[in-house]
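*Asks:* Pasting a structure here, questions to come.
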Amino acid sequence: MKNTWQELWLDTDAFIVSSELILIGTILVIGMLVGMTSVRDQVVQEVRDVAAAMSKTVQSYSFAGITGHTASTGGSVFGDLGDFCDQLDIVACDPDLCISVEVGASIESE
């Protein structure tokens, strides 16, 4: 039994491998966090671009009355008004198109 404990005490191979794995794992996790943050920013930017495109669509229409052989209908009209946050000079990739991303501070307790 004493010989086994002495072999384990003198064996440093596992320690070196585990410390290397912890270092590599830490670097990978930090890299993944940076990558995921970049992906999040790009997804939000794409949603902003879609919002800008949707706000530019005009859904106004009008048509006059139609009279056929046995039926007729009156005309109709709809005027699409701008939303409260629509601007006339919105360009794709603008930093703020009615979307605000706010991250509150978090307090970590022990």
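In the structure tokens, chains take letters A, B, ... by order of appearance, with residues numbered from 1 within each chain and ligands from 1 in the order shown.
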Run DSSP on the backbone and give me the residues of range 8-76 of chain A it puts in alpha helix (DSSP H), as a PyMOL selection string.
*Replies:* chain A and resi 8-10+13-56
*Asks:* So that I can see what lies close to Ala64 in chain A, please list as JSON, numbers by chain the residues with an atom at most 10 Å from it, counting only C-alpha atoms and leaving out residues fewer than 5 positions away in the same chain.
*Replies:* {"A": [73, 74, 75, 76, 77]}
*Asks:* Counting only C-alpha atoms, what is within 12 Å of Asp80 in chain A, bar same-chain residues fewer than 4 positions away, as a ChimeraX atom specification?
*Replies:* /A:55-62
*Asks:* So how far away is CA of Leu81 in chain A from CA of Ala52 in chain A, in Å?
*Replies:*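 According to the coordinates, CA of Ala52 in chain A and CA of Leu81 in chain A are separated by 15.3 Å.
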*Asks:* Quote the spacing between CA of Gly82 in chain A and CA of Gly65 in chain A in Å to one decimal place.
*Replies:*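 We find that CA of Gly82 in chain A and CA of Gly65 in chain A lie 26.9 Å from each other.
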